[in-house]
Amino acid sequence: MAGSPSHSSGLRALRPEAFGADPSGERMARIRRSPHFKDGVFQNPGGTARTRPSGSTRDLAKLYLDKDSRSRRAPKGTIPVHPTTLADISRPPATGLRLTWMGHSSVLAEIDGHRVLFDPVWGERCSPFPFAGPKRLHPVPLPLAALGPVDVVVISHDHYDHLDLPTIKALAGTDTLFAVPLGVGAHLERWGVSAGRLRELDWHEATKVGGITLTATPARHFCGRGLRNTQHTLWASWVAAGEEHRIYHSGDTGYFEGFRDIGAEHGPFDATMIQVGAYSDFWPDIHMTPEEGVRAHLDLQGGEAAGVLLPIHWGTFNLAPHAWAEPGEWMKDAAGEAGQAVAFPRPGEPFEPAGKVPVEPWWRAISGPITRPWHRPRITEGAAGTSKGDLDLAGER
């Protein structure tokens, strides 16, 4: 129809920059050829996952608006951020592998002489708008420019708390490469990343950056940034394998049987970074609870308690109805029950999985009561030397 191209261009010009861009051309043709794309959308492993909240909208709204519930979703004091410096991360890790959790799902992994940055979010809000949306509960541990050179930035999917416009635009001015799931490259190209710096992968595809092999592996989630979610960009978990070490980043995902397959093909792992926050009974298919996160880690390790689990996707943004400290508290108990080593660094605190692993529950000093404690009571010594159930169940101190 005459005038359609200019009309379409005009609509694109009105689209907020943070919405990114829809895949088109050869990128869209490649998406249509994907074995994971069916009926016009990307499919989840194991069948359809509920991506919209289940249950009553009224019940969900009531939960979010409840005064006591709102107060529990934020810390009662200042989150103790480790003052990361370039000196902290400029010395090569003694063991060849070092992880620095920057908050939420952002992790700098220094592995076998290479630097991999997962899901970097340095923005103040995970939102398309600078004046609205979930705001940081703690500052970033160090400025992005102070991070030093990064070999590759790995993105799990295109949601705002994982793909951050101001962060990507800052990194676009460097010479780093980007490894992203199929379709996500359209956003990055709109924001100034050249096509030659993109490694855009479908599930089970791999790319090599220096001595690190990055493999996009399945996850159970969804995508979307604009008002109209076309489900045309893929979501993924990632395996990073060097000459000596292997690590896994879950991105966002619900629990599914495929963790066993990923572990059988790519594991075992020296460390896993597992999403354990922003879960809810209203969306059980797309985010994991801490208990499910431990189960996923064990699946990835062939059923054994091995390596170190780093909980991610909690503590930085208020994205779900659960208490702010609940993911940390529940993870501590769930991992302890399974005999699994788990790291609890403060945001910005580097650690080596084969070295001294931070285990202090730092959140307790600033946490309000957790109304749904972990199912297992702690056992303490009574005044007369007899053991008793601790009435201060997880977090209720």
# chains A, B, ... in the order shown; residues from 1 in each chain; ligands from 1
>>> residues_around(residues="A:Ala341", least_positions_apart="3", cutoff="8 Å", atoms="only C-alpha atoms", output="ChimeraX atom specification")
/A:305-309,335-336
>>> write_last_selection(atoms="N, CA, C and O atoms", output="mmCIF file, in the first residue's frame")
data_model
loop_
_atom_site.group_PDB
_atom_site.id
_atom_site.type_symbol
_atom_site.label_atom_id
_atom_site.label_comp_id
_atom_site.auth_asym_id
_atom_site.auth_seq_id
_atom_site.Cartn_x
_atom_site.Cartn_y
_atom_site.Cartn_z
ATOM 1 N N ALA A 305 26.234 -33.451 45.332
ATOM 2 C CA ALA A 305 26.540 -32.159 45.935
ATOM 3 C C ALA A 305 28.000 -31.855 45.617
ATOM 4 O O ALA A 305 28.906 -32.443 46.196
ATOM 5 N N ALA A 306 28.224 -30.971 44.658
ATOM 6 C CA ALA A 306 29.575 -30.696 44.179
ATOM 7 C C ALA A 306 29.653 -29.268 43.690
ATOM 8 O O ALA A 306 28.637 -28.631 43.401
ATOM 9 N N GLY A 307 30.880 -28.735 43.591
ATOM 10 C CA GLY A 307 31.055 -27.363 43.153
ATOM 11 C C GLY A 307 30.456 -26.388 44.152
ATOM 12 O O GLY A 307 30.119 -26.741 45.283
ATOM 13 N N VAL A 308 30.313 -25.141 43.724
ATOM 14 C CA VAL A 308 29.756 -24.091 44.575
ATOM 15 C C VAL A 308 28.565 -23.471 43.869
ATOM 16 O O VAL A 308 28.620 -23.182 42.667
ATOM 17 N N LEU A 309 27.487 -23.266 44.610
ATOM 18 C CA LEU A 309 26.284 -22.618 44.089
ATOM 19 C C LEU A 309 26.300 -21.155 44.527
ATOM 20 O O LEU A 309 26.398 -20.857 45.708
ATOM 21 N N ALA A 335 20.254 -25.537 50.958
ATOM 22 C CA ALA A 335 21.573 -26.042 50.579
ATOM 23 C C ALA A 335 22.191 -26.832 51.725
ATOM 24 O O ALA A 335 22.829 -27.876 51.513
ATOM 25 N N GLY A 336 22.017 -26.339 52.956
ATOM 26 C CA GLY A 336 22.555 -27.061 54.101
ATOM 27 C C GLY A 336 21.934 -28.433 54.245
ATOM 28 O O GLY A 336 22.617 -29.423 54.568
#
>>> residues_around(residues="A:Ser194", least_positions_apart="5", cutoff="10 Å", atoms="only C-alpha atoms", output="list in words")
Ala172, Asp175, Leu177, Phe178, Gly185, Leu188 and Glu189 of chain A
>>> write_last_selection(atoms="N, CA and C atoms", output="tab-separated table (two decimals), in the first residue's frame")
chain	number	residue	atom	x	y	z
A	172	ALA	N	28.82	-0.44	24.41
A	172	ALA	CA	28.91	-0.34	22.95
A	172	ALA	C	30.12	0.48	22.53
A	175	ASP	N	35.38	-2.41	22.83
A	175	ASP	CA	35.52	-3.39	21.75
A	175	ASP	C	35.12	-4.80	22.19
A	177	LEU	N	32.95	-8.19	22.85
A	177	LEU	CA	31.98	-8.97	22.08
A	177	LEU	C	30.74	-9.23	22.95
A	178	PHE	N	29.65	-9.58	22.30
A	178	PHE	CA	28.40	-9.90	22.99
A	178	PHE	C	27.90	-11.27	22.53
A	185	GLY	N	19.94	-9.84	19.36
A	185	GLY	CA	20.87	-8.96	18.67
A	185	GLY	C	20.20	-7.75	18.04
A	188	LEU	N	20.45	-4.88	20.46
A	188	LEU	CA	21.80	-4.35	20.61
A	188	LEU	C	22.23	-3.54	19.39
A	189	GLU	N	21.84	-3.99	18.21
A	189	GLU	CA	22.19	-3.23	17.02
A	189	GLU	C	21.53	-1.86	17.04
>>> closest_residue(among="A:Gly355, A:Pro268, A:Gly103, A:Pro16", to="A:Ile312", atoms="only C-alpha atoms")
A:Gly103
>>> select_by_dssp(residues="stretch 24-258 of chain A", states="strand (DSSP E)", output="count of residues only")
53
>>> residues_around(residues="A:Ala74", least_positions_apart="6", cutoff="10 Å", atoms="only C-alpha atoms", output="ChimeraX atom specification")
/A:137,315-318,322-325,366-368
>>> write_last_selection(atoms="N, CA, C and O atoms", output="compact mmCIF listing (two decimals), in the first residue's frame")
# COMPACT_ATOMS: atom_id res chain seq x y z
N LEU A 137 18.00 -1.28 45.25
CA LEU A 137 18.01 -1.24 46.71
C LEU A 137 19.43 -1.03 47.24
O LEU A 137 19.60 -0.80 48.44
N GLY A 315 17.90 -9.64 46.10
CA GLY A 315 18.59 -8.65 46.92
C GLY A 315 18.73 -7.26 46.35
O GLY A 315 18.94 -6.31 47.10
N THR A 316 18.62 -7.10 45.01
CA THR A 316 18.91 -5.81 44.39
C THR A 316 17.65 -5.05 43.98
O THR A 316 17.59 -3.82 44.10
N PHE A 317 16.64 -5.77 43.47
CA PHE A 317 15.39 -5.14 43.04
C PHE A 317 14.21 -5.85 43.72
O PHE A 317 14.27 -7.05 43.99
N ASN A 318 13.16 -5.12 43.95
CA ASN A 318 11.94 -5.65 44.53
C ASN A 318 11.02 -6.06 43.38
O ASN A 318 10.36 -5.23 42.78
N HIS A 322 7.54 -11.92 47.82
CA HIS A 322 8.21 -12.53 48.97
C HIS A 322 9.06 -11.51 49.73
O HIS A 322 9.42 -10.46 49.21
N ALA A 323 9.38 -11.85 50.98
CA ALA A 323 10.21 -10.97 51.81
C ALA A 323 11.59 -10.80 51.17
O ALA A 323 12.10 -11.72 50.52
N TRP A 324 12.18 -9.64 51.36
CA TRP A 324 13.45 -9.31 50.71
C TRP A 324 14.54 -10.35 51.01
O TRP A 324 15.25 -10.79 50.10
N ALA A 325 14.67 -10.79 52.24
CA ALA A 325 15.75 -11.70 52.63
C ALA A 325 15.37 -13.17 52.50
O ALA A 325 16.22 -14.03 52.72
N ILE A 366 19.84 -6.65 58.59
CA ILE A 366 18.97 -5.60 58.04
C ILE A 366 17.65 -6.17 57.52
O ILE A 366 16.93 -5.49 56.80
N SER A 367 17.34 -7.40 57.91
CA SER A 367 16.12 -8.04 57.43
C SER A 367 14.99 -7.89 58.43
O SER A 367 15.19 -8.03 59.64
N GLY A 368 13.80 -7.63 57.91
CA GLY A 368 12.61 -7.69 58.75
C GLY A 368 12.20 -9.14 58.93
O GLY A 368 12.84 -10.07 58.41
>>> residues_around(residues="A:Leu182", least_positions_apart="4", cutoff="7 Å", atoms="only C-alpha atoms", output="list of chain:residue names")
A:Ile31, A:Glu200, A:Leu201, A:Asp202, A:Thr233, A:Leu234
>>> atom_distance(atom1="atom CA of A:Val41", atom2="atom CA of A:His232")
5.9 Å
>>> atom_distance(atom1="atom CA of A:His245", atom2="atom CA of A:Ala179")
18.9 Å
>>> residues_around(residues="A:Pro83", least_positions_apart="5", cutoff="10 Å", atoms="only C-alpha atoms", output="ChimeraX atom specification")
/A:88,140-142,346-349
>>> atom_distance(atom1="atom CA of A:Val150", atom2="atom CA of A:Gln275")
22.9 Å
>>> select_by_dssp(residues="stretch 163-344 of chain A", states="helix (DSSP H, G or I)", output="PyMOL selection string")
chain A and resi 165-172+185-190+195-197+258-266+290-300+326-338
>>> residues_around(residues="A:Ser127", least_positions_apart="4", cutoff="10 Å", atoms="only C-alpha atoms", output="PDB file with N, CA, C and O atoms, in the first residue's frame")
ATOM      1  N   ALA A  18      14.318   2.352  24.655  1.00  0.00           N
ATOM      2  CA  ALA A  18      14.516   1.225  25.571  1.00  0.00           C
ATOM      3  C   ALA A  18      13.748  -0.013  25.148  1.00  0.00           C
ATOM      4  O   ALA A  18      14.085  -1.120  25.571  1.00  0.00           O
ATOM      5  N   PHE A  19      12.703   0.147  24.321  1.00  0.00           N
ATOM      6  CA  PHE A  19      11.968  -1.021  23.841  1.00  0.00           C
ATOM      7  C   PHE A  19      12.821  -1.864  22.900  1.00  0.00           C
ATOM      8  O   PHE A  19      12.494  -3.023  22.643  1.00  0.00           O
ATOM      9  N   GLY A 123      22.131   0.205  35.478  1.00  0.00           N
ATOM     10  CA  GLY A 123      21.129   1.263  35.523  1.00  0.00           C
ATOM     11  C   GLY A 123      20.473   1.374  36.887  1.00  0.00           C
ATOM     12  O   GLY A 123      20.506   0.448  37.701  1.00  0.00           O
ATOM     13  N   PHE A 131      12.063   7.306  35.273  1.00  0.00           N
ATOM     14  CA  PHE A 131      11.342   7.912  36.395  1.00  0.00           C
ATOM     15  C   PHE A 131      10.378   6.930  37.064  1.00  0.00           C
ATOM     16  O   PHE A 131       9.688   7.290  38.019  1.00  0.00           O
ATOM     17  N   ALA A 132      10.297   5.692  36.571  1.00  0.00           N
ATOM     18  CA  ALA A 132       9.334   4.734  37.129  1.00  0.00           C
ATOM     19  C   ALA A 132       9.900   3.332  37.014  1.00  0.00           C
ATOM     20  O   ALA A 132      10.811   3.071  36.228  1.00  0.00           O
ATOM     21  N   GLY A 133       9.331   2.426  37.797  1.00  0.00           N
ATOM     22  CA  GLY A 133       9.759   1.036  37.753  1.00  0.00           C
ATOM     23  C   GLY A 133      10.661   0.683  38.918  1.00  0.00           C
ATOM     24  O   GLY A 133      11.125   1.565  39.656  1.00  0.00           O
ATOM     25  N   PRO A 134      10.910  -0.604  39.125  1.00  0.00           N
ATOM     26  CA  PRO A 134      11.713  -1.059  40.272  1.00  0.00           C
ATOM     27  C   PRO A 134      13.081  -0.380  40.328  1.00  0.00           C
ATOM     28  O   PRO A 134      13.838  -0.386  39.356  1.00  0.00           O
ATOM     29  N   LYS A 135      13.375   0.197  41.481  1.00  0.00           N
ATOM     30  CA  LYS A 135      14.615   0.944  41.678  1.00  0.00           C
ATOM     31  C   LYS A 135      15.590   0.119  42.513  1.00  0.00           C
ATOM     32  O   LYS A 135      15.196  -0.683  43.341  1.00  0.00           O
ATOM     33  N   HIS A 159      14.608  -9.149  29.110  1.00  0.00           N
ATOM     34  CA  HIS A 159      13.867  -8.413  30.129  1.00  0.00           C
ATOM     35  C   HIS A 159      14.732  -7.306  30.731  1.00  0.00           C
ATOM     36  O   HIS A 159      15.969  -7.405  30.756  1.00  0.00           O
ATOM     37  N   TYR A 160      14.075  -6.278  31.261  1.00  0.00           N
ATOM     38  CA  TYR A 160      14.787  -5.068  31.675  1.00  0.00           C
ATOM     39  C   TYR A 160      15.770  -5.294  32.814  1.00  0.00           C
ATOM     40  O   TYR A 160      16.749  -4.552  32.930  1.00  0.00           O
ATOM     41  N   ASP A 161      15.546  -6.286  33.646  1.00  0.00           N
ATOM     42  CA  ASP A 161      16.473  -6.527  34.748  1.00  0.00           C
ATOM     43  C   ASP A 161      17.645  -7.402  34.333  1.00  0.00           C
ATOM     44  O   ASP A 161      18.469  -7.794  35.171  1.00  0.00           O
ATOM     45  N   ASP A 164      19.995  -4.086  29.983  1.00  0.00           N
ATOM     46  CA  ASP A 164      19.829  -2.721  30.471  1.00  0.00           C
ATOM     47  C   ASP A 164      20.373  -1.732  29.448  1.00  0.00           C
ATOM     48  O   ASP A 164      21.565  -1.758  29.118  1.00  0.00           O
ATOM     49  N   LEU A 165      19.490  -0.879  28.939  1.00  0.00           N
ATOM     50  CA  LEU A 165      19.873   0.064  27.884  1.00  0.00           C
ATOM     51  C   LEU A 165      21.091   0.911  28.234  1.00  0.00           C
ATOM     52  O   LEU A 165      22.063   0.942  27.471  1.00  0.00           O
ATOM     53  N   ARG A 225       9.966  -6.756  25.709  1.00  0.00           N
ATOM     54  CA  ARG A 225      10.305  -5.439  26.248  1.00  0.00           C
ATOM     55  C   ARG A 225       9.228  -4.395  25.950  1.00  0.00           C
ATOM     56  O   ARG A 225       9.026  -3.479  26.725  1.00  0.00           O
TER      57      ARG A 225
END
>>> residues_around(residues="A:Val180", least_positions_apart="2", cutoff="12 Å", atoms="only C-alpha atoms", output="ChimeraX atom specification")
/A:117-119,152-158,162-163,177-178,182-189,195,197-203,205-207,214-217,233-238,251
>>> write_last_selection(atoms="C-alpha atoms", output="PDB file, in the first residue's frame")
ATOM      1  CA  LEU A 117      30.372 -10.460  32.238  1.00  0.00           C
ATOM      2  CA  PHE A 118      26.904 -11.972  32.651  1.00  0.00           C
ATOM      3  CA  ASP A 119      23.702  -9.886  32.456  1.00  0.00           C
ATOM      4  CA  VAL A 152      32.643 -10.959  26.274  1.00  0.00           C
ATOM      5  CA  VAL A 153      29.293  -9.833  27.650  1.00  0.00           C
ATOM      6  CA  VAL A 154      26.727 -12.629  27.916  1.00  0.00           C
ATOM      7  CA  ILE A 155      22.987 -11.827  27.962  1.00  0.00           C
ATOM      8  CA  SER A 156      20.409 -14.398  29.086  1.00  0.00           C
ATOM      9  CA  HIS A 157      17.264 -12.696  27.704  1.00  0.00           C
ATOM     10  CA  ASP A 158      15.794  -9.312  26.944  1.00  0.00           C
ATOM     11  CA  HIS A 162      18.888  -8.480  32.491  1.00  0.00           C
ATOM     12  CA  LEU A 163      19.282  -6.329  29.384  1.00  0.00           C
ATOM     13  CA  LEU A 177      31.978  -8.965  22.084  1.00  0.00           C
ATOM     14  CA  PHE A 178      28.395  -9.896  22.992  1.00  0.00           C
ATOM     15  CA  LEU A 182      18.669 -15.691  18.999  1.00  0.00           C
ATOM     16  CA  GLY A 183      16.812 -12.462  18.172  1.00  0.00           C
ATOM     17  CA  VAL A 184      18.249 -10.368  21.013  1.00  0.00           C
ATOM     18  CA  GLY A 185      20.873  -8.955  18.669  1.00  0.00           C
ATOM     19  CA  ALA A 186      18.201  -6.700  17.134  1.00  0.00           C
ATOM     20  CA  HIS A 187      18.025  -4.706  20.371  1.00  0.00           C
ATOM     21  CA  LEU A 188      21.798  -4.349  20.608  1.00  0.00           C
ATOM     22  CA  GLU A 189      22.192  -3.228  17.016  1.00  0.00           C
ATOM     23  CA  ALA A 195      26.752  -6.807  13.916  1.00  0.00           C
ATOM     24  CA  ARG A 197      30.569  -7.889  17.593  1.00  0.00           C
ATOM     25  CA  LEU A 198      27.508 -10.105  18.058  1.00  0.00           C
ATOM     26  CA  ARG A 199      27.489 -13.862  18.595  1.00  0.00           C
ATOM     27  CA  GLU A 200      23.777 -14.718  18.371  1.00  0.00           C
ATOM     28  CA  LEU A 201      22.968 -18.296  19.315  1.00  0.00           C
ATOM     29  CA  ASP A 202      20.087 -20.731  19.383  1.00  0.00           C
ATOM     30  CA  TRP A 203      19.930 -23.347  22.139  1.00  0.00           C
ATOM     31  CA  GLU A 205      24.830 -23.652  19.637  1.00  0.00           C
ATOM     32  CA  ALA A 206      28.296 -22.584  20.785  1.00  0.00           C
ATOM     33  CA  THR A 207      30.837 -19.877  20.028  1.00  0.00           C
ATOM     34  CA  LEU A 214      30.131 -20.296  25.351  1.00  0.00           C
ATOM     35  CA  THR A 215      27.102 -22.511  24.795  1.00  0.00           C
ATOM     36  CA  ALA A 216      23.490 -21.320  24.881  1.00  0.00           C
ATOM     37  CA  THR A 217      21.451 -23.914  26.744  1.00  0.00           C
ATOM     38  CA  THR A 233      13.540 -13.313  20.967  1.00  0.00           C
ATOM     39  CA  LEU A 234      14.892 -16.370  22.713  1.00  0.00           C
ATOM     40  CA  TRP A 235      15.844 -16.803  26.374  1.00  0.00           C
ATOM     41  CA  ALA A 236      18.742 -19.005  27.481  1.00  0.00           C
ATOM     42  CA  SER A 237      20.969 -20.264  30.218  1.00  0.00           C
ATOM     43  CA  TRP A 238      24.701 -20.353  29.467  1.00  0.00           C
ATOM     44  CA  GLY A 251      19.479 -16.656  33.540  1.00  0.00           C
TER      45      GLY A 251
END
